[in-house]
Every structure is written in C-alpha cells, then in structure tokens.
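K.L.:
Take a look at coords_27.cif, mmCIF, C-alpha atoms:
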data_input
#
loop_
_atom_site.label_atom_id
_atom_site.label_comp_id
_atom_site.auth_asym_id
_atom_site.auth_seq_id
_atom_site.Cartn_x
_atom_site.Cartn_y
_atom_site.Cartn_z
CA MET A 256 138.09 141.20 82.63
CA LYS A 257 140.08 140.13 79.59
CA LYS A 258 138.39 136.72 79.71
CA ALA A 259 134.98 138.35 79.79
CA ILE A 260 135.81 140.58 76.81
CA LEU A 261 137.23 137.60 74.88
CA TYR A 262 134.16 135.57 75.73
CA PHE A 263 131.92 138.42 74.54
CA PHE A 264 133.77 138.70 71.21
CA ASN A 265 133.60 134.92 70.71
CA ILE A 266 129.84 135.08 71.21
CA LEU A 267 129.57 137.91 68.65
CA LYS A 268 131.74 135.94 66.24
CA CYS A 269 129.49 132.87 66.55
CA VAL A 270 126.37 134.97 66.03
CA PHE A 271 127.93 136.61 62.97
CA LEU A 272 128.94 133.23 61.50
CA CYS A 273 125.44 131.85 62.12
CA LEU A 274 123.89 134.81 60.35
CA ILE A 275 126.18 134.27 57.35
CA LEU A 276 125.33 130.56 57.20
CA VAL A 277 121.63 131.26 57.42
CA GLN A 278 121.89 133.88 54.70
CA CYS A 279 123.90 131.56 52.43
CA GLY A 280 121.65 128.61 53.08
CA SER A 281 118.37 130.38 52.46
CA LYS A 282 117.29 130.50 48.83
CA LYS A 283 116.13 133.84 47.51
CA GLU A 284 112.38 133.94 46.98
CA PRO A 285 111.49 134.17 43.27
CA GLU A 286 109.57 137.15 41.94
CA PHE A 287 107.26 134.73 40.14
CA LEU A 288 106.42 131.18 41.25
CA LEU A 289 104.58 129.33 38.47
CA ARG A 290 102.75 126.01 38.67
CA SER A 291 101.99 123.78 35.69
CA SER A 292 99.51 120.89 35.60
CA HIS A 293 100.12 117.94 33.25
CA LEU A 294 97.89 115.03 32.30
CA VAL A 295 100.93 112.87 31.34
CA ASN A 296 103.30 111.15 33.74
CA ASP A 297 106.89 112.19 34.39
CA GLN A 298 108.29 109.87 31.70
CA HIS A 299 106.44 111.54 28.84
CA THR A 300 108.23 113.91 26.45
CA TRP A 301 105.87 116.79 27.30
CA PHE A 302 106.68 116.61 30.99
CA LYS A 303 110.41 116.20 30.33
CA ALA A 304 110.27 119.26 28.08
CA PHE A 305 108.61 121.30 30.83
CA GLU A 306 111.26 120.15 33.30
CA TYR A 307 113.91 121.38 30.87
CA PHE A 308 111.94 124.63 30.53
CA SER A 309 111.94 124.98 34.30
CA GLU A 310 115.72 124.55 34.48
CA ILE A 311 116.63 127.07 31.78
CA LEU A 312 113.99 129.53 32.96
CA GLU A 313 115.40 129.60 36.48
CA GLU A 314 118.95 129.83 35.17
CA ARG A 315 118.38 132.59 32.60
CA SER A 316 116.16 134.66 34.90
CA ASN A 317 118.68 134.35 37.75
CA GLY A 318 116.02 132.69 39.90
CA ARG A 319 113.45 135.41 39.34
CA ILE A 320 111.04 132.87 37.79
CA ILE A 321 110.58 129.39 39.23
CA LEU A 322 108.34 126.82 37.54
CA GLU A 323 106.98 123.79 39.40
CA ASN A 324 105.59 120.90 37.31
CA TYR A 325 102.97 118.40 38.48
CA SER A 326 102.45 115.21 36.46
CA SER A 327 99.59 112.72 36.09
CA GLU A 328 96.78 115.21 36.80
CA GLN A 329 97.91 115.57 40.43
CA ILE A 330 96.52 119.09 40.55
CA ALA A 331 93.59 118.82 38.18
CA LYS A 332 92.15 117.11 35.14
CA GLU A 333 92.63 118.93 31.83
CA ILE A 334 89.43 120.99 31.74
CA GLU A 335 89.74 121.83 35.44
CA ALA A 336 93.35 122.92 34.87
CA ILE A 337 92.23 125.38 32.19
CA ARG A 338 89.65 126.86 34.55
CA MET A 339 92.26 127.08 37.31
CA ILE A 340 94.57 129.01 34.98
CA GLN A 341 91.73 131.37 34.13
CA THR A 342 91.20 132.09 37.84
CA GLU A 343 94.99 132.31 38.42
CA VAL A 344 95.10 129.39 40.85
CA ILE A 345 97.74 127.75 38.62
CA ASP A 346 99.57 129.16 35.63
CA MET A 347 100.36 126.67 32.87
CA THR A 348 99.34 123.41 31.20
CA VAL A 349 99.44 121.53 27.90
CA THR A 350 96.16 121.45 25.99
CA GLY A 351 94.61 121.33 22.53
CA SER A 352 91.41 119.91 21.10
CA ILE A 353 89.63 119.92 24.46
CA LEU A 354 89.42 123.69 23.96
CA ASN A 355 86.74 122.89 21.38
CA ASN A 356 84.43 123.11 24.42
CA TRP A 357 85.12 126.87 24.34
CA ILE A 358 86.24 127.56 20.77
CA GLU A 359 84.65 125.99 17.71
CA VAL A 360 87.69 126.17 15.42
CA MET A 361 89.84 124.22 17.90
CA ALA A 362 88.20 121.03 16.63
CA PHE A 363 90.60 121.13 13.70
CA CYS A 364 93.73 120.57 15.77
CA GLU A 365 92.52 117.01 16.36
CA LEU A 366 89.72 116.24 13.90
CA PRO A 367 89.54 112.53 13.00
CA PHE A 368 90.61 111.59 9.47
CA LEU A 369 91.44 115.17 8.47
CA LEU A 370 95.24 115.38 8.21
CA ARG A 371 97.42 112.78 6.54
CA ASP A 372 100.81 113.44 8.12
CA SER A 373 103.05 115.93 9.93
CA VAL A 374 103.48 117.99 6.75
CA ASP A 375 99.73 118.65 6.63
CA MET A 376 99.84 119.40 10.35
CA LYS A 377 102.66 121.97 10.14
CA ASN A 378 101.04 123.70 7.17
CA LEU A 379 97.84 124.06 9.17
CA ILE A 380 99.58 125.33 12.31
CA ASN A 381 101.65 127.91 10.42
CA GLY A 382 98.85 128.99 8.09
CA PRO A 383 95.93 131.39 8.62
CA ILE A 384 93.72 128.80 10.32
CA GLY A 385 96.46 127.97 12.83
CA LYS A 386 96.96 131.68 13.55
CA ARG A 387 93.21 132.04 14.02
CA MET A 388 93.27 129.20 16.59
CA GLU A 389 96.00 130.94 18.59
CA ALA A 390 94.19 134.29 18.47
CA GLU A 391 90.88 132.79 19.59
CA MET A 392 92.60 130.88 22.40
CA LEU A 393 94.03 134.15 23.66
CA ASN A 394 90.86 136.22 23.27
CA THR A 395 88.28 133.63 24.36
CA THR A 396 90.03 131.51 26.99
CA GLY A 397 92.87 133.81 28.07
CA LEU A 398 95.53 131.22 27.18
CA ARG A 399 98.74 132.27 25.43
CA THR A 400 100.33 129.59 23.25
CA LEU A 401 104.07 128.95 23.58
CA GLY A 402 104.61 126.94 20.41
CA TYR A 403 103.30 123.41 19.90
CA PHE A 404 104.14 119.78 20.66
CA GLN A 405 103.49 117.10 18.04
CA ARG A 406 101.31 114.31 19.39
CA GLY A 407 101.94 111.61 16.84
CA PRO A 408 99.07 109.69 15.17
CA ARG A 409 96.39 108.28 17.47
CA HIS A 410 95.66 104.55 17.39
CA LEU A 411 93.02 102.30 18.97
CA THR A 412 93.96 99.72 21.61
CA ALA A 413 91.62 96.89 22.63
CA ASN A 414 91.58 93.28 23.73
CA ARG A 415 90.47 92.09 20.33
CA PRO A 416 91.74 92.95 16.84
CA ILE A 417 89.85 95.72 15.05
CA LYS A 418 90.53 95.54 11.31
CA HIS A 419 87.29 97.05 10.01
CA PRO A 420 84.60 99.36 11.44
CA ASP A 421 82.26 96.35 11.63
CA ASP A 422 84.54 94.96 14.35
CA LEU A 423 83.74 97.96 16.55
CA LYS A 424 80.06 97.22 17.09
CA GLY A 425 79.16 97.98 20.70
CA LEU A 426 82.79 98.40 21.82
CA ILE A 427 83.04 100.81 24.76
CA VAL A 428 85.85 103.20 23.82
CA ARG A 429 87.23 105.88 26.10
CA VAL A 430 87.66 109.21 24.34
CA PRO A 431 88.75 112.64 25.59
CA ASN A 432 85.98 115.12 26.22
CA VAL A 433 86.05 116.35 22.61
CA PRO A 434 82.79 116.50 20.61
CA SER A 435 84.30 115.40 17.28
CA PHE A 436 85.72 112.25 18.89
CA VAL A 437 82.30 111.28 20.22
CA THR A 438 80.78 111.93 16.79
CA ALA A 439 83.40 109.88 14.93
CA TRP A 440 83.37 106.80 17.15
CA SER A 441 79.58 106.78 17.38
CA ALA A 442 79.39 106.84 13.56
CA LEU A 443 81.87 103.97 13.43
CA GLY A 444 79.60 101.82 15.59
CA ALA A 445 81.41 102.02 18.93
CA LYS A 446 80.15 103.40 22.23
CA PRO A 447 82.40 106.38 22.99
CA THR A 448 82.76 107.30 26.66
CA PRO A 449 84.39 110.66 27.54
CA MET A 450 86.70 110.23 30.52
CA ALA A 451 89.69 111.97 32.13
CA PHE A 452 93.01 110.46 31.10
CA SER A 453 94.03 109.68 34.69
CA GLU A 454 91.02 107.34 35.04
CA VAL A 455 91.62 105.29 31.89
CA PHE A 456 94.03 102.61 33.16
CA THR A 457 91.87 101.64 36.13
CA SER A 458 88.73 101.67 34.00
CA LEU A 459 90.34 99.32 31.45
CA GLN A 460 91.54 97.09 34.26
CA GLN A 461 88.08 96.90 35.80
CA GLY A 462 86.28 96.52 32.47
CA THR A 463 84.30 99.75 32.76
CA ILE A 464 85.63 100.53 29.29
CA GLU A 465 87.01 98.10 26.72
CA ALA A 466 89.26 100.21 24.54
CA GLN A 467 90.97 103.58 24.27
CA GLU A 468 92.81 105.58 21.61
CA ASN A 469 96.03 107.57 21.91
CA PRO A 470 99.45 108.08 20.30
CA TYR A 471 102.17 105.47 20.81
CA ALA A 472 103.98 107.58 23.43
CA LEU A 473 100.93 107.95 25.66
CA ILE A 474 100.02 104.27 25.25
CA LYS A 475 103.48 103.34 26.50
CA ALA A 476 103.78 106.00 29.20
CA ALA A 477 100.38 105.07 30.67
CA GLY A 478 101.22 101.35 30.74
CA PHE A 479 98.21 100.37 28.63
CA SER A 480 100.13 97.33 27.37
CA GLU A 481 99.40 95.78 30.77
CA VAL A 482 95.63 95.85 30.16
CA GLN A 483 95.32 95.90 26.35
CA LYS A 484 96.55 93.20 23.99
CA TYR A 485 95.99 94.67 20.52
CA LEU A 486 97.23 97.94 19.09
CA ASN A 487 95.12 98.63 16.02
CA VAL A 488 97.05 101.01 13.77
CA THR A 489 94.17 103.28 12.82
CA SER A 490 96.19 106.53 12.60
CA HIS A 491 92.79 108.20 12.75
CA VAL A 492 94.09 111.52 14.07
CA VAL A 493 97.26 113.45 13.24
CA SER A 494 97.41 116.25 15.75
CA TRP A 495 99.31 118.52 18.08
CA THR A 496 98.92 120.19 21.46
CA TYR A 497 99.88 123.57 22.88
CA PRO A 498 101.97 124.43 25.93
CA VAL A 499 100.16 127.46 27.34
CA ILE A 500 100.34 130.09 30.06
CA GLY A 501 97.52 132.27 31.32
CA GLU A 502 97.67 135.68 29.61
CA LYS A 503 97.00 137.44 32.93
CA GLN A 504 100.00 135.70 34.43
CA PHE A 505 102.22 136.46 31.44
CA GLN A 506 101.34 140.17 31.46
CA LYS A 507 102.53 140.45 35.07
CA PHE A 508 106.12 139.83 33.94
CA PRO A 509 108.26 142.91 33.34
CA GLU A 510 109.49 143.30 29.76
CA ASP A 511 112.91 141.71 30.39
CA LEU A 512 111.33 138.59 31.89
CA LYS A 513 108.76 138.35 29.08
CA LYS A 514 111.65 138.18 26.62
CA ILE A 515 113.50 135.53 28.64
CA PHE A 516 110.31 133.52 29.13
CA LEU A 517 109.47 133.42 25.42
CA GLU A 518 113.03 132.56 24.42
CA CYS A 519 113.05 129.67 26.91
CA ALA A 520 109.68 128.51 25.60
CA ALA A 521 111.04 128.41 22.03
CA ASP A 522 113.99 126.31 23.23
CA MET A 523 111.55 124.03 25.07
CA GLN A 524 109.68 123.33 21.83
CA THR A 525 112.94 122.44 20.04
CA TYR A 526 113.95 120.18 22.92
CA GLU A 527 110.58 118.42 23.01
CA HIS A 528 110.64 117.85 19.25
CA GLU A 529 114.03 116.15 19.52
CA LEU A 530 112.70 113.94 22.32
CA PHE A 531 109.58 113.16 20.28
CA ILE A 532 111.52 112.07 17.17
CA GLU A 533 113.86 109.89 19.24
CA ASN A 534 110.96 108.38 21.19
CA GLU A 535 108.85 107.58 18.09
CA LYS A 536 111.70 105.48 16.70
CA LYS A 537 111.84 103.13 19.67
CA VAL A 538 108.40 103.18 21.31
CA GLN A 539 106.72 100.85 18.79
CA GLN A 540 109.30 98.14 19.42
CA GLU A 541 108.98 98.62 23.17
CA LEU A 542 105.20 98.12 22.97
CA LYS A 543 105.69 94.97 20.91
CA SER A 544 108.23 93.69 23.43
CA LYS A 545 105.61 94.18 26.16
CA GLY A 546 103.28 91.81 24.32
CA MET A 547 101.12 94.10 22.22
CA THR A 548 100.09 92.78 18.80
CA PHE A 549 100.02 95.41 16.05
CA VAL A 550 97.02 95.10 13.72
CA THR A 551 96.80 96.60 10.22
CA VAL A 552 93.36 98.12 9.62
CA ASP A 553 91.31 99.16 6.61
CA LYS A 554 91.80 102.92 7.01
CA ASP A 555 89.71 103.78 3.95
CA ALA A 556 86.74 101.90 5.42
CA PHE A 557 87.07 103.81 8.70
CA ASN A 558 87.27 107.13 6.91
CA GLU A 559 84.38 106.38 4.59
CA LYS A 560 82.06 105.31 7.39
CA CYS A 561 82.47 108.39 9.58
CA LYS A 562 83.43 111.29 7.29
CA ASP A 563 79.85 112.44 6.63
CA ALA A 564 78.97 112.37 10.33
CA ILE A 565 82.05 114.44 11.17
CA TYR A 566 81.36 116.96 8.42
CA ASN A 567 77.66 117.28 9.29
CA SER A 568 78.52 117.87 12.95
CA LEU A 569 80.31 121.08 11.98
CA SER A 570 78.56 124.42 11.75
CA PRO A 571 78.27 126.02 8.28
CA GLU A 572 81.21 128.31 9.12
CA MET A 573 83.36 125.39 10.25
CA GLN A 574 82.39 123.41 7.14
CA GLU A 575 83.93 126.23 5.12
CA VAL A 576 87.11 125.94 7.21
CA TYR A 577 87.08 122.17 6.62
CA HIS A 578 86.96 122.69 2.85
CA GLN A 579 89.78 125.25 3.09
CA ILE A 580 92.00 122.78 4.96
CA LEU A 581 91.39 120.09 2.35
CA ALA A 582 92.14 122.56 -0.45
CA ASP A 583 95.37 123.76 1.23
CA ARG A 584 96.71 120.26 1.82
CA ASN A 585 96.50 119.18 -1.85
#
In structure tokens, how does this file's structure come out?

P.N.:
Amino acid sequence: MKKAILYFFNILKCVFLCLILVQCGSKKEPEFLLRSSHLVNDQHTWFKAFEYFSEILEERSNGRIILENYSSEQIAKEIEAIRMIQTEVIDMTVTGSILNNWIEVMAFCELPFLLRDSVDMKNLINGPIGKRMEAEMLNTTGLRTLGYFQRGPRHLTANRPIKHPDDLKGLIVRVPNVPSFVTAWSALGAKPTPMAFSEVFTSLQQGTIEAQENPYALIKAAGFSEVQKYLNVTSHVVSWTYPVIGEKQFQKFPEDLKKIFLECAADMQTYEHELFIENEKKVQQELKSKGMTFVTVDKDAFNEKCKDAIYNSLSPEMQEVYHQILADRN
C-alpha cells in the first residue's frame, strides 16, 4: 500500500515538474506582433537600425510588442509593401520618394539636383515643407513617420565612365519607380527603366539594364561592384527616407505602448545616424578595393541639361514649392 501511495506521489511530482518546465519554456505571446518589409539586405544600416529597434522595443515593452524584420524584399517590393501596410497585412517599412505616386509633394524628398548637402536636407525636413510631407503621408496614405534616415548622395554606376551628359546617350539606366527620376534621366539622354531594387543585380548581370544609381551604401550592400566597373560621382540627389508604421496599426496600441514605441523609434533614428556616419567614412574605400573606378563628372553640365525638364514636370503648385525650397536654402 505504501509503495502504491509513494508511486502515486512520484507520478504527481513528475507531472508537476513537467508542467513547470513547459510553462517556463513557453514564451508569452506578445500583445502586438509587427512585421516590417525592407528593400535592403541585412547588412545595410536601415535594416540594422530596425533590428536594434526590435530589441529595445521588446525589452522596454516587456515583450508586449515584438517586431519581425524581413530583408531584401522577401515579403514584398516597396510599392506592394505600402499597400500591404494599408490593408494591415504587414505593419512597417522604410520608404520615401516612391510615395510621389500617391502624394505630389513627396517628389521633393528625392528631387534630382535640388539639394546641395545634408544641411539643405535637414532644413527642408524640419521646415514647413517637411512637416507638410509628413502630414500628407498620414492623411493620404495612412503612414505615420517615425523620424528619417539619411540616404547619402546618389551616384551613377556603369561599365563605362560617364563624365558628361553626352556620355549617357542611349544608356539603359535602372531607376526607382519615381516620376522625377524618369524625367531627369530622359532629359539627360539616357533610357530610364523603372525596376524593383531586388531585380537590379540580376538585370545588370544579364545586360537587361546597363547602369543604375544609388548611394554608396546601397551600391556596396547590393554587391554592384561585381557587375559594374565605374562609379560616376554625380551626387545628383541628396535625400532621405522615412521609417513608417501604418496609422491603423499604431492607433491599436494603448497609450503606454504608444509612448514606448515612439521613444524607441527616436532612439532607432539616433542609432541609424551613427551607423550611417561610420559607414560613409569607409564604404568608398571598400568599393575602390573591390575594383570600382571613381569618375569625377561635370555636375554643372548635368544640372543645366535637365533642370528645365524637372521644373516643367511639376504642377504650378509644386513649382511654387520648388521656388520656396531654393529661396530657403540660400
């Protein structure tokens, strides 16, 4: 009898221990599971910043918010990602001038030959036009901005040196699906081809396109040095991009989590900026070490040849904004 009772209590003890182990081993389900789509790969500063954001968000919310990040357009290409946020299939992404497809004024966050440097850029972001961009993003597309990431100047890569617009004649250049980019490169004599970023490397490799333009960091991260020999330092765009969350998703957070979320987002921007500055210092040398030849170009000739086409492509209202930006930067 005693053996039976002892056996029974041993069984209960084992069951109790198993229940404890299962309870300890199972992770508490978050109140909010967020998914973010990225066009860049996992080595880019934007993705690293979002990974940092994910860590501090989980920590400071005590696991109530979990953010999963997907690199290299695994979930969707940029425009598709925006639509998926709007329908609440996913929650976050990084975007900018491509929103010009929805909002006219967004052209100015990446308009060719508009801004000279990061000082001009920050003045625009923090001024009335920048605030208008954020408001229209929220009201028109349902995207809430969480600060901004600096892109760095965009440059043209190709397999021949491009020193003057005349050298561009007939060159098939991949551009993002942004109207002002198509306008500028067409005016310069090239053949701009809108294409998703994830398709660019293969298209260069196969010769479907002959050139592309991006900041140093994206040129390196995407491995374009493997399929492009010349980096033509055009600096034709000084721009930024926005980390965003769907407003519908954000409004589902209780007030305490909204506060934590926004504080973490501010820290993410600071972290990304530090990564960006550090990366800009070394990336040019890394591209040179991979065999890319840097080419000095006649920037004035580029600007002169396409400025009228860019200006004339703007609506009368946006032409007024253009003049205001030029007046504010002087």

K.L.:
Applied to this file, what does the PyMOL selection byres ((chain A and resi 429) around 12) return in terms of residues, put as number ranges by chain?

P.N.:
A: 411-413, 426-428, 430-433, 436-437, 440-441, 445-459, 462-469

K.L.:
Find the distance between atom CA of A:Gln524 and atom CA of A:Lys377 and write it in Å to one decimal.

P.N.:
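If I compute the distance from atom CA of A:Gln524 to atom CA of A:Lys377, I get 13.7 Å.
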
K.L.:
Identify all residues satisfying the PyMOL selection byres ((chain A and resi 349-360) around 7) in the given file; provide them as a list in words.

P.N.:
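For this structure, the PyMOL selection byres ((chain A and resi 349-360) around 7) captures His293, Thr348, Met361, Ala362, Phe363, Cys364, Glu365, Met388, Asn432, Val433, Thr496, Tyr497, Pro498, Val499 and Met573 of chain A.
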
K.L.:
Taking (100.0, 115.5, 10.6) as a centre in this file's frame and 12 Å as the limit, can you find every polymer residue with an atom that close, using all atoms listed in the file, and give them as an MDAnalysis selection string?

P.N.:
chainID A and resid 363:380 404:409 490:496 584

K.L.:
Let me make sure I understand: among A:Ala564, A:Ile417, A:Ile345, A:Met392, which one has the smallest atom-to-atom distance to A:Thr489 if we use only C-alpha atoms?

P.N.:
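Among A:Ala564, A:Ile417, A:Ile345, A:Met392, it is A:Ile417 that comes nearest to A:Thr489.
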
K.L.:
Find the distance between atom CA of A:Leu288 and atom CA of A:Glu323 and write it in Å to one decimal.

P.N.:
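Value for the atom CA of A:Leu288-atom CA of A:Glu323 distance: 7.6 Å.
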
K.L.:
Do you know which residues are at most 7 Å from A:Phe308 counting all atoms listed in the file, after dropping those on the same chain fewer than 3 positions away, and could you put them as JSON, numbers by chain?

P.N.:
{"A": [304, 305, 311, 312, 519, 520, 523]}

K.L.:
Between A:His528, A:His410, A:Arg290, A:Lys554, which has the minimum distance to A:Val344 (counting all atoms listed in the file)?

P.N.:
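Checking each candidate against A:Val344, we get A:Arg290 as the closest.
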
K.L.:
Which distance in Å separates atom CA of A:Asp583 and atom CA of A:Gly382, to one decimal?

P.N.:
9.3 Å

K.L.:
What residues come out when you apply the PyMOL selection byres ((chain A and resi 424) around 8) to this file, written as a list in words?

P.N.:
Pro420, Asp421, Asp422, Leu423, Gly425, Leu426, Leu443, Gly444 and Ala445 of chain A
